[in-house]
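**Student:** entry-v4.txt (compact mmCIF, C-alpha atoms) pasted underneath:
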```
# COMPACT_ATOMS: atom_id res chain seq x y z
CA MET A 1 -4.92 -1.72 -17.68
CA ALA A 2 -6.57 1.42 -19.01
CA VAL A 3 -8.80 4.09 -17.47
CA LYS A 4 -12.28 4.74 -18.87
CA THR A 5 -13.89 8.18 -19.03
CA PHE A 6 -17.51 9.11 -19.73
CA ARG A 7 -19.43 11.75 -21.64
CA PRO A 8 -20.75 14.29 -19.11
CA LEU A 9 -24.42 13.42 -19.55
CA THR A 10 -24.92 13.81 -15.79
CA PRO A 11 -23.05 16.03 -13.29
CA SER A 12 -21.49 13.02 -11.58
CA SER A 13 -20.19 11.44 -14.78
CA ARG A 14 -18.28 14.58 -15.74
CA TYR A 15 -15.28 13.80 -13.55
CA ILE A 16 -15.56 10.05 -12.96
CA THR A 17 -12.84 7.76 -14.28
CA VAL A 18 -13.00 3.99 -13.84
CA ALA A 19 -10.50 1.19 -14.33
CA ASP A 20 -11.54 -1.04 -17.22
CA TYR A 21 -10.48 -4.24 -15.39
CA SER A 22 -9.33 -5.77 -18.67
CA ASP A 23 -6.46 -7.47 -16.81
CA ILE A 24 -8.82 -9.44 -14.56
CA THR A 25 -9.18 -13.08 -15.61
CA LYS A 26 -11.17 -14.48 -12.64
CA THR A 27 -14.03 -12.70 -10.91
CA ARG A 28 -14.59 -14.85 -7.82
CA PRO A 29 -11.86 -15.48 -5.23
CA GLU A 30 -10.68 -18.85 -3.96
CA ARG A 31 -12.95 -19.78 -1.07
CA ARG A 32 -10.10 -21.29 0.96
CA LEU A 33 -8.04 -18.11 0.64
CA VAL A 34 -10.54 -15.53 1.90
CA THR A 35 -11.86 -14.54 5.30
CA THR A 36 -14.60 -12.14 6.37
CA ARG A 37 -13.63 -8.56 7.10
CA LYS A 38 -15.41 -7.33 10.20
CA ARG A 39 -16.54 -3.72 10.07
CA THR A 40 -15.77 -1.59 13.13
CA GLY A 41 -17.35 1.71 12.10
CA GLY A 42 -14.26 3.34 13.59
CA ARG A 43 -15.16 2.10 17.08
CA ASN A 44 -13.03 0.25 19.61
CA ALA A 45 -13.99 -2.62 21.92
CA TYR A 46 -15.90 -0.19 24.19
CA GLY A 47 -18.03 1.10 21.34
CA ARG A 48 -16.35 4.51 21.33
CA VAL A 49 -15.39 6.21 18.09
CA THR A 50 -11.60 6.25 17.86
CA ALA A 51 -11.25 6.81 14.10
CA ARG A 52 -13.59 9.37 12.58
CA GLY A 53 -14.84 9.23 9.01
CA ILE A 54 -15.30 5.45 8.90
CA GLY A 55 -18.60 3.65 8.38
CA GLY A 56 -20.88 1.93 5.91
CA GLY A 57 -19.48 0.70 2.63
CA HIS A 58 -19.78 -2.52 0.70
CA LYS A 59 -19.05 -5.89 2.28
CA GLN A 60 -15.51 -7.09 1.60
CA LYS A 61 -13.55 -10.29 1.90
CA ILE A 62 -9.91 -10.33 2.94
CA ARG A 63 -7.67 -12.24 0.54
CA LEU A 64 -4.92 -14.14 2.37
CA VAL A 65 -1.81 -13.03 0.48
CA ASP A 66 1.49 -14.91 0.70
CA PHE A 67 4.00 -12.18 1.53
CA ARG A 68 6.65 -14.64 2.76
CA ARG A 69 7.00 -16.70 -0.44
CA ASP A 70 8.36 -19.51 1.73
CA LYS A 71 7.69 -22.39 -0.69
CA ARG A 72 11.28 -22.35 -1.90
CA GLY A 73 12.43 -24.32 -4.91
CA ILE A 74 8.90 -25.39 -5.93
CA GLU A 75 7.68 -24.09 -9.27
CA ALA A 76 4.25 -22.46 -9.44
CA GLU A 77 2.02 -21.54 -12.35
CA VAL A 78 0.00 -18.33 -12.55
CA ILE A 79 -3.58 -19.47 -13.15
CA ALA A 80 -5.46 -16.17 -12.67
CA ILE A 81 -5.18 -12.42 -12.12
CA GLU A 82 -7.78 -11.18 -9.62
CA TYR A 83 -9.16 -7.97 -8.14
CA ASP A 84 -8.66 -7.23 -4.44
CA PRO A 85 -11.17 -4.76 -2.94
CA ILE A 86 -8.94 -3.69 -0.04
CA ARG A 87 -5.69 -2.96 -1.90
CA SER A 88 -4.66 -0.99 -4.95
CA ALA A 89 -2.64 -3.79 -6.58
CA ARG A 90 -3.98 -6.84 -8.38
CA LEU A 91 -3.44 -10.37 -7.07
CA ALA A 92 -2.01 -13.32 -8.95
CA LEU A 93 -3.27 -16.79 -8.03
CA LEU A 94 -0.47 -19.36 -8.03
CA LYS A 95 -0.87 -23.12 -8.21
CA TYR A 96 2.16 -25.12 -7.05
CA LYS A 97 3.12 -28.55 -8.30
CA ASP A 98 1.87 -30.10 -5.05
CA GLY A 99 -1.60 -28.63 -5.72
CA GLU A 100 -1.50 -25.83 -3.16
CA LYS A 101 -2.82 -22.42 -4.22
CA ARG A 102 -1.62 -19.08 -2.93
CA TYR A 103 -2.12 -15.41 -3.70
CA ILE A 104 0.76 -13.01 -4.38
CA ILE A 105 0.82 -9.36 -5.42
CA ALA A 106 0.77 -9.29 -9.21
CA PRO A 107 3.79 -7.48 -10.70
CA ASN A 108 3.51 -5.46 -13.87
CA GLY A 109 3.62 -7.62 -17.00
CA LEU A 110 2.80 -10.93 -15.30
CA LYS A 111 0.51 -13.07 -17.45
CA VAL A 112 -1.57 -16.19 -16.87
CA GLY A 113 0.53 -19.28 -17.60
CA ALA A 114 3.80 -17.82 -16.35
CA ARG A 115 6.02 -20.05 -14.21
CA LEU A 116 7.34 -18.56 -10.96
CA LEU A 117 9.96 -19.70 -8.46
CA ALA A 118 11.15 -18.56 -5.05
CA GLY A 119 14.55 -19.20 -3.52
CA PRO A 120 18.23 -18.23 -3.85
CA ASP A 121 18.59 -20.30 -7.05
CA ALA A 122 15.62 -18.69 -8.86
CA PRO A 123 16.46 -16.58 -11.93
CA PRO A 124 15.98 -12.80 -11.47
CA GLU A 125 12.81 -12.66 -13.58
CA THR A 126 9.52 -10.88 -13.00
CA GLY A 127 7.51 -12.46 -10.19
CA ASN A 128 10.33 -14.58 -8.76
CA SER A 129 11.33 -14.06 -5.11
CA LEU A 130 15.03 -13.97 -4.21
CA PRO A 131 17.25 -12.78 -1.35
CA LEU A 132 18.74 -9.32 -1.87
CA LYS A 133 22.27 -10.72 -1.95
CA VAL A 134 21.69 -12.41 -5.35
CA ILE A 135 19.49 -9.78 -7.03
CA PRO A 136 21.44 -7.73 -9.60
CA VAL A 137 22.03 -4.07 -8.76
CA GLY A 138 19.50 -1.72 -10.36
CA VAL A 139 16.76 -4.33 -10.85
CA PRO A 140 13.32 -3.05 -9.67
CA VAL A 141 11.87 -5.05 -6.75
CA HIS A 142 8.77 -4.99 -4.56
CA ASN A 143 7.31 -6.85 -1.54
CA LEU A 144 10.48 -6.15 0.39
CA GLU A 145 11.26 -7.68 3.79
CA LEU A 146 12.68 -5.60 6.64
CA LEU A 147 13.82 -8.61 8.66
CA PRO A 148 14.77 -12.03 7.25
CA GLY A 149 11.79 -14.38 7.26
CA GLN A 150 9.36 -11.67 8.37
CA GLY A 151 7.53 -11.43 5.06
CA GLY A 152 7.24 -8.46 2.71
CA LYS A 153 6.39 -5.22 4.49
CA MET A 154 7.33 -2.47 2.03
CA VAL A 155 6.62 -1.53 -1.60
CA ARG A 156 3.28 -3.31 -1.99
CA ALA A 157 1.05 -0.54 -3.44
CA ALA A 158 0.12 -0.29 -7.12
CA GLY A 159 2.93 1.00 -9.33
CA GLY A 160 5.55 0.85 -6.57
CA SER A 161 9.10 -0.35 -7.01
CA ALA A 162 12.40 -0.11 -5.15
CA ALA A 163 15.91 -0.44 -6.55
CA ILE A 164 19.06 -1.99 -5.12
CA MET A 165 21.87 0.59 -5.31
CA SER A 166 24.78 -1.34 -3.80
CA ARG A 167 25.77 -4.03 -1.30
CA ASP A 168 28.30 -3.83 1.52
CA GLU A 169 29.09 -5.66 4.77
CA GLY A 170 26.04 -7.91 4.66
CA TYR A 171 23.58 -5.11 3.84
CA ALA A 172 21.96 -3.97 0.62
CA VAL A 173 21.43 -0.24 0.09
CA VAL A 174 17.92 0.17 -1.34
CA ARG A 175 16.16 3.24 -2.71
CA LEU A 176 12.47 3.14 -1.73
CA PRO A 177 9.58 4.74 -3.68
CA SER A 178 9.43 7.58 -1.13
CA GLY A 179 13.00 8.58 -1.99
CA GLU A 180 14.38 7.21 1.26
CA ILE A 181 17.62 5.25 0.96
CA ARG A 182 17.88 2.46 3.51
CA ARG A 183 20.23 -0.37 4.47
CA ILE A 184 18.49 -3.76 4.59
CA ASN A 185 19.92 -7.15 5.55
CA GLU A 186 20.90 -8.90 2.32
CA GLU A 187 19.28 -12.14 3.56
CA CYS A 188 15.87 -10.46 3.24
CA TYR A 189 13.73 -11.54 0.30
CA ALA A 190 12.19 -9.32 -2.36
CA THR A 191 10.13 -10.01 -5.49
CA ILE A 192 11.45 -9.00 -8.89
CA GLY A 193 9.51 -6.38 -10.84
CA GLN A 194 7.27 -3.37 -10.35
CA VAL A 195 3.84 -3.74 -8.73
CA GLY A 196 1.15 -3.83 -11.42
CA ASN A 197 -2.02 -1.77 -11.94
CA LEU A 198 0.02 1.32 -12.86
CA ASP A 199 -3.04 3.40 -13.78
CA HIS A 200 -4.50 3.23 -10.29
CA GLU A 201 -3.26 6.76 -9.55
CA ASN A 202 -5.22 8.08 -12.54
CA VAL A 203 -8.60 6.87 -11.27
CA THR A 204 -10.82 9.71 -10.04
CA LEU A 205 -13.78 8.90 -7.79
CA GLY A 206 -15.70 11.89 -9.12
CA LYS A 207 -18.59 11.86 -6.65
CA ALA A 208 -19.22 11.40 -2.94
CA GLY A 209 -21.16 8.17 -3.43
CA ARG A 210 -18.07 6.27 -4.55
CA SER A 211 -16.29 7.28 -1.34
CA ARG A 212 -19.27 6.11 0.74
CA HIS A 213 -19.21 2.81 -1.16
CA ARG A 214 -15.63 2.37 0.12
CA GLY A 215 -16.64 3.01 3.72
CA ILE A 216 -15.37 6.61 3.87
CA ARG A 217 -17.69 9.04 5.64
CA PRO A 218 -17.44 12.85 5.53
CA VAL A 219 -15.51 14.69 8.24
CA GLY A 220 -16.37 18.29 9.06
CA ARG A 221 -13.66 20.96 9.24
CA GLY A 222 -12.50 22.00 12.67
CA VAL A 223 -12.72 25.73 11.82
CA ALA A 224 -16.43 25.28 10.98
CA ARG A 225 -17.26 24.06 14.50
CA ASN A 226 -17.93 25.75 17.80
CA PRO A 227 -15.12 26.41 20.29
CA ILE A 228 -16.48 23.73 22.62
CA ASP A 229 -16.28 21.12 19.89
CA HIS A 230 -12.83 21.78 18.45
CA PRO A 231 -9.69 23.83 19.27
CA ASN A 232 -9.97 25.55 15.87
CA GLY A 233 -13.66 26.36 16.24
CA GLY A 234 -15.36 29.69 16.81
CA GLY A 235 -14.48 33.20 15.68
CA ALA A 236 -16.43 36.24 14.55
CA GLY A 237 -17.48 35.05 11.13
CA LYS A 238 -15.25 32.99 8.88
CA SER A 239 -11.68 32.90 10.14
CA LYS A 240 -8.54 31.46 8.61
CA GLY A 241 -7.31 28.20 10.12
CA GLY A 242 -3.97 28.85 11.72
CA GLY A 243 -4.36 32.61 11.58
CA GLY A 244 -2.68 34.54 14.41
CA TRP A 245 -1.89 32.38 17.41
CA GLN A 246 -4.12 29.54 16.27
CA GLN A 247 -2.51 26.39 14.86
CA LEU A 248 -4.36 23.60 13.06
CA THR A 249 -4.88 20.71 15.43
CA SER A 250 -6.90 17.56 15.90
CA PRO A 251 -10.01 17.67 18.12
CA TRP A 252 -7.73 16.69 21.01
CA GLY A 253 -5.14 19.39 20.38
CA LEU A 254 -2.46 17.40 18.53
CA LEU A 255 -0.75 19.58 15.94
CA ALA A 256 -1.74 18.74 12.37
CA LYS A 257 1.08 20.49 10.48
CA GLY A 258 4.80 20.42 11.08
CA TYR A 259 4.62 18.08 14.07
CA LYS A 260 7.00 15.14 13.66
CA THR A 261 5.47 11.90 14.87
CA ARG A 262 8.53 9.64 14.38
CA ARG A 263 10.53 9.04 17.55
CA ARG A 264 13.88 10.85 17.38
CA ARG A 265 15.81 7.96 18.91
CA LYS A 266 14.11 5.10 17.11
CA GLN A 267 16.46 2.13 16.81
CA SER A 268 15.88 1.65 13.08
CA ASN A 269 17.21 5.17 12.39
CA ARG A 270 20.67 3.69 12.04
CA PHE A 271 19.60 1.86 8.88
CA ILE A 272 18.41 5.03 7.11
CA VAL A 273 21.12 6.55 4.92
CA VAL A 274 19.09 9.35 3.28
CA ARG A 275 15.68 10.52 4.46
CA ARG A 276 12.66 11.04 2.26
CA ASP A 277 13.30 14.78 2.04
CA GLY A 278 16.77 14.15 0.61
CA ARG A 279 18.72 15.05 3.73
CA PRO A 280 21.25 12.59 5.21
CA MET A 281 20.17 10.90 8.41
CA LYS A 282 21.88 12.26 11.51
CA LEU A 283 22.21 9.74 14.31
CA LYS A 284 21.59 11.17 17.76
```
Just give me the structure of the file as structure tokens.
**Tutor:**
Amino acid sequence: MAVKTFRPLTPSSRYITVADYSDITKTRPERRLVTTRKRTGGRNAYGRVTARGIGGGHKQKIRLVDFRRDKRGIEAEVIAIEYDPIRSARLALLKYKDGEKRYIIAPNGLKVGARLLAGPDAPPETGNSLPLKVIPVGVPVHNLELLPGQGGKMVRAAGGSAAIMSRDEGYAVVRLPSGEIRRINEECYATIGQVGNLDHENVTLGKAGRSRHRGIRPVGRGVARNPIDHPNGGGAGKSKGGGGWQQLTSPWGLLAKGYKTRRRRKQSNRFIVVRRDGRPMKLK
């Protein structure tokens, strides 16, 4: 995939970059594999806004993606590469020998006509799904399970890949895209290869209208409000956020910078070998 730029004939086209979608081979999704996405506008069941900055946007359909890859030992053919409006990666449409069709996340380099397989006996080739215990060390993987049979939970965004560093005592030591090094049960499945659509990070929206098209509404700064409306509001003229005693917070007073939201005694801490910041994990 490549990224298209435009001559700046208008102010908005000066900064816009757009994916050329040359990798897309099918423009309409499988009707049996989509469901309607209900818009909430950021409101809960009582009609109260619980997530600001959400509203509007184009209608979208949710593609039902097979993260489990639980059709083991049955060969499937890639019959299309499709666009998914709610994720950064592309989807590959598989057709199994029994006629069933399923979506998977399309890895980089996967082409229409490729044959894929899932199971412990599958070769470690791009798009195949295998347990960690049989994947060679150093091979890039994605769609990684945290618990056996749970389905892929990690490394699903465009361009993402993890790498198996070693195996020991029934666990595989995996380096995640964030830099975190984690121990994962070697019975967990992962898909070989790097997630496709590598140029997604190079796409620039370029104008506010493209954000609104995605359902993103503007959110005003807290320091620009009145004291009654926000903890950071008020002041004689323009004041720095966080200046003096003031610390940047949410409208309800929750610290926005430097406040750790992960529980210190979370049970899964024991599986983390090295944290994202490069420091070793200390068990409390």
**Student:** Using all atoms listed in the file, can you tell me which of A:Thr40, A:Tyr21, A:Pro177, A:Asp121 comes closest to Arg52 (chain A)?
**Tutor:**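 Residue with the minimum atom-to-atom distance to Arg52 (chain A): A:Thr40.
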**Student:** Rank A:Asn197, A:Ser268, A:Ser166, A:Gln246 by their smallest atom-to-atom distance to Leu147 (chain A), using only C-alpha atoms, and report the top residue only.
**Tutor:**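 Checking each candidate against Leu147 (chain A), we get A:Ser268 as the closest.
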**Student:** For CA of Asp277 (chain A) and CA of Ala256 (chain A), determine how far apart the two atoms are, in Å to one decimal place.
**Tutor:**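 One can read the CA of Asp277 (chain A) to CA of Ala256 (chain A) distance as 18.7 Å.
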**Student:** From the list A:Thr204, A:Gln150, A:Ser250, A:Gln194, which residue is nearest Asp70 (chain A) when using all atoms listed in the file?
**Tutor:**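 Of all the options, A:Gln150 lies closest to Asp70 (chain A).
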**Student:** Using Å and a single decimal, report how far CA of Ile104 (chain A) sits from CA of Val139 (chain A).
**Tutor:**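 Here the two named atoms are 19.3 Å from each other.
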**Student:** Which value, in Å to one decimal, gives the distance between CA of Arg115 (chain A) and CA of Ala76 (chain A)?
**Tutor:**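 Calculated distance between CA of Arg115 (chain A) and CA of Ala76 (chain A) is 5.6 Å.
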**Student:** What's around Gly258 (chain A) at 12 Å? Count only C-alpha atoms, leave out sequence neighbours fewer than 4 positions away in its own chain, and write the answer as an mmCIF file with C-alpha atoms, keeping the file's coordinate frame.
**Tutor:**
```cif
data_model
loop_
_atom_site.group_PDB
_atom_site.id
_atom_site.type_symbol
_atom_site.label_atom_id
_atom_site.label_comp_id
_atom_site.auth_asym_id
_atom_site.auth_seq_id
_atom_site.Cartn_x
_atom_site.Cartn_y
_atom_site.Cartn_z
ATOM 1 C CA GLN A 247 -2.510 26.390 14.860
ATOM 2 C CA LEU A 248 -4.360 23.600 13.060
ATOM 3 C CA THR A 249 -4.880 20.710 15.430
ATOM 4 C CA LEU A 254 -2.460 17.400 18.530
ATOM 5 C CA ARG A 262 8.530 9.640 14.380
#
```
**Student:** Excluding Glu75 (chain A) and its own-chain neighbours fewer than 3 positions away, which residues fall within 9 Å of it when counting only C-alpha atoms? Please give them as an MDAnalysis selection string.
**Tutor:** chainID A and resid 71:72 95:97 115:118
**Student:** Using all atoms listed in the file for the distances, tell me which of A:Thr126, A:Asn44, A:Thr27, A:Ser211 is nearest to Asp84 (chain A).
**Tutor:**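 The shortest atom-to-atom distance to Asp84 (chain A) comes from A:Thr27.
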**Student:** So that all listed atoms of region 196-202 of chain A fit with 4 Å spare on each side, what axis-aligned box centre and edge lengths in Å, to one decimal, would you give as JSON?
**Tutor:**
```
{"center_x": -2.0, "center_y": 2.1, "center_z": -11.7, "size_x": 14.4, "size_y": 19.9, "size_z": 12.2}
```
**Student:** I need the residue nearest Phe6 (chain A) from this list: A:Val78, A:Val18, A:Glu187, A:Gly235. Use all atoms listed in the file for the distance.
**Tutor:**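 Of the candidates, the smallest distance to Phe6 (chain A) is held by A:Val18.
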**Student:** List the neighbours of region 155-164 of chain A out to 9 Å using only C-alpha atoms; skip same-chain residues closer than 5 positions along the sequence, and give me the result as a ChimeraX atom specification.
**Tutor:** /A:87-90,105,107-108,132,135-144,172-177,193-201
**Student:** Skip Asn226 (chain A) itself and residues of its chain fewer than 3 positions away, then list as a list in words all residues within 12 Å of it, counting all atoms listed in the file.
**Tutor:** Gly220, Arg221, Gly222, Val223, Asp229, His230, Pro231, Asn232, Gly233, Gly234, Gly235, Ala236, Gly237, Lys238 and Pro251 of chain A
**Student:** Excluding Pro131 (chain A) and any residue of its chain fewer than 6 positions from it, enumerate the residues within 8 Å of it, using all atoms listed in the file, and give them as a PDB file with C-alpha atoms, in the coordinates of the input.
**Tutor:**
```
ATOM      1  CA  GLY A 119      14.550 -19.200  -3.520  1.00  0.00           C
ATOM      2  CA  PRO A 120      18.230 -18.230  -3.850  1.00  0.00           C
ATOM      3  CA  GLU A 186      20.900  -8.900   2.320  1.00  0.00           C
ATOM      4  CA  GLU A 187      19.280 -12.140   3.560  1.00  0.00           C
ATOM      5  CA  CYS A 188      15.870 -10.460   3.240  1.00  0.00           C
ATOM      6  CA  TYR A 189      13.730 -11.540   0.300  1.00  0.00           C
ATOM      7  CA  ALA A 190      12.190  -9.320  -2.360  1.00  0.00           C
TER       8      ALA A 190
END
```
**Student:** Would you please work out which residue, of A:Ala51, A:Ala208, A:Leu33, A:Leu255, is nearest to Leu94 (chain A) when using all atoms listed in the file?
**Tutor:**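 So, comparing all the options, the nearest one is A:Leu33.
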**Student:** Kindly reconstruct region 111-126 of chain A with N, CA and C atoms and present the result as a PDB file, in the frame of the given file.
**Tutor:**
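Writing the result to result_4.pdb gives the following:
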```pdb
ATOM      1  N   LYS A 111       1.624 -12.533 -16.693  1.00  0.00           N
ATOM      2  CA  LYS A 111       0.510 -13.070 -17.450  1.00  0.00           C
ATOM      3  C   LYS A 111       0.126 -14.457 -16.931  1.00  0.00           C
ATOM      4  N   VAL A 112      -1.109 -14.839 -17.205  1.00  0.00           N
ATOM      5  CA  VAL A 112      -1.570 -16.190 -16.870  1.00  0.00           C
ATOM      6  C   VAL A 112      -0.736 -17.205 -17.660  1.00  0.00           C
ATOM      7  N   GLY A 113      -0.307 -18.259 -16.976  1.00  0.00           N
ATOM      8  CA  GLY A 113       0.530 -19.280 -17.600  1.00  0.00           C
ATOM      9  C   GLY A 113       1.997 -19.138 -17.289  1.00  0.00           C
ATOM     10  N   ALA A 114       2.393 -18.012 -16.701  1.00  0.00           N
ATOM     11  CA  ALA A 114       3.800 -17.820 -16.350  1.00  0.00           C
ATOM     12  C   ALA A 114       4.204 -18.778 -15.243  1.00  0.00           C
ATOM     13  N   ARG A 115       5.477 -19.153 -15.229  1.00  0.00           N
ATOM     14  CA  ARG A 115       6.020 -20.050 -14.210  1.00  0.00           C
ATOM     15  C   ARG A 115       6.904 -19.231 -13.267  1.00  0.00           C
ATOM     16  N   LEU A 116       6.615 -19.326 -11.961  1.00  0.00           N
ATOM     17  CA  LEU A 116       7.340 -18.560 -10.960  1.00  0.00           C
ATOM     18  C   LEU A 116       8.071 -19.478 -10.000  1.00  0.00           C
ATOM     19  N   LEU A 117       9.129 -18.929  -9.381  1.00  0.00           N
ATOM     20  CA  LEU A 117       9.960 -19.700  -8.460  1.00  0.00           C
ATOM     21  C   LEU A 117      10.454 -18.779  -7.369  1.00  0.00           C
ATOM     22  N   ALA A 118      10.601 -19.312  -6.177  1.00  0.00           N
ATOM     23  CA  ALA A 118      11.150 -18.560  -5.050  1.00  0.00           C
ATOM     24  C   ALA A 118      12.340 -19.320  -4.483  1.00  0.00           C
ATOM     25  N   GLY A 119      13.360 -18.573  -4.092  1.00  0.00           N
ATOM     26  CA  GLY A 119      14.550 -19.200  -3.520  1.00  0.00           C
ATOM     27  C   GLY A 119      15.819 -18.562  -4.052  1.00  0.00           C
ATOM     28  N   PRO A 120      16.963 -18.844  -3.420  1.00  0.00           N
ATOM     29  CA  PRO A 120      18.230 -18.230  -3.850  1.00  0.00           C
ATOM     30  C   PRO A 120      18.678 -18.667  -5.238  1.00  0.00           C
ATOM     31  N   ASP A 121      18.173 -19.808  -5.737  1.00  0.00           N
ATOM     32  CA  ASP A 121      18.590 -20.300  -7.050  1.00  0.00           C
ATOM     33  C   ASP A 121      17.640 -19.874  -8.166  1.00  0.00           C
ATOM     34  N   ALA A 122      16.588 -19.123  -7.843  1.00  0.00           N
ATOM     35  CA  ALA A 122      15.620 -18.690  -8.860  1.00  0.00           C
ATOM     36  C   ALA A 122      16.249 -17.627  -9.762  1.00  0.00           C
ATOM     37  N   PRO A 123      15.939 -17.634 -11.039  1.00  0.00           N
ATOM     38  CA  PRO A 123      16.460 -16.580 -11.930  1.00  0.00           C
ATOM     39  C   PRO A 123      15.810 -15.244 -11.598  1.00  0.00           C
ATOM     40  N   PRO A 124      16.539 -14.134 -11.782  1.00  0.00           N
ATOM     41  CA  PRO A 124      15.980 -12.800 -11.470  1.00  0.00           C
ATOM     42  C   PRO A 124      14.995 -12.323 -12.529  1.00  0.00           C
ATOM     43  N   GLU A 125      13.844 -12.991 -12.605  1.00  0.00           N
ATOM     44  CA  GLU A 125      12.810 -12.660 -13.580  1.00  0.00           C
ATOM     45  C   GLU A 125      11.560 -12.183 -12.863  1.00  0.00           C
ATOM     46  N   THR A 126      10.714 -11.494 -13.590  1.00  0.00           N
ATOM     47  CA  THR A 126       9.520 -10.880 -13.000  1.00  0.00           C
ATOM     48  C   THR A 126       8.666 -11.899 -12.264  1.00  0.00           C
TER      49      THR A 126
END
```
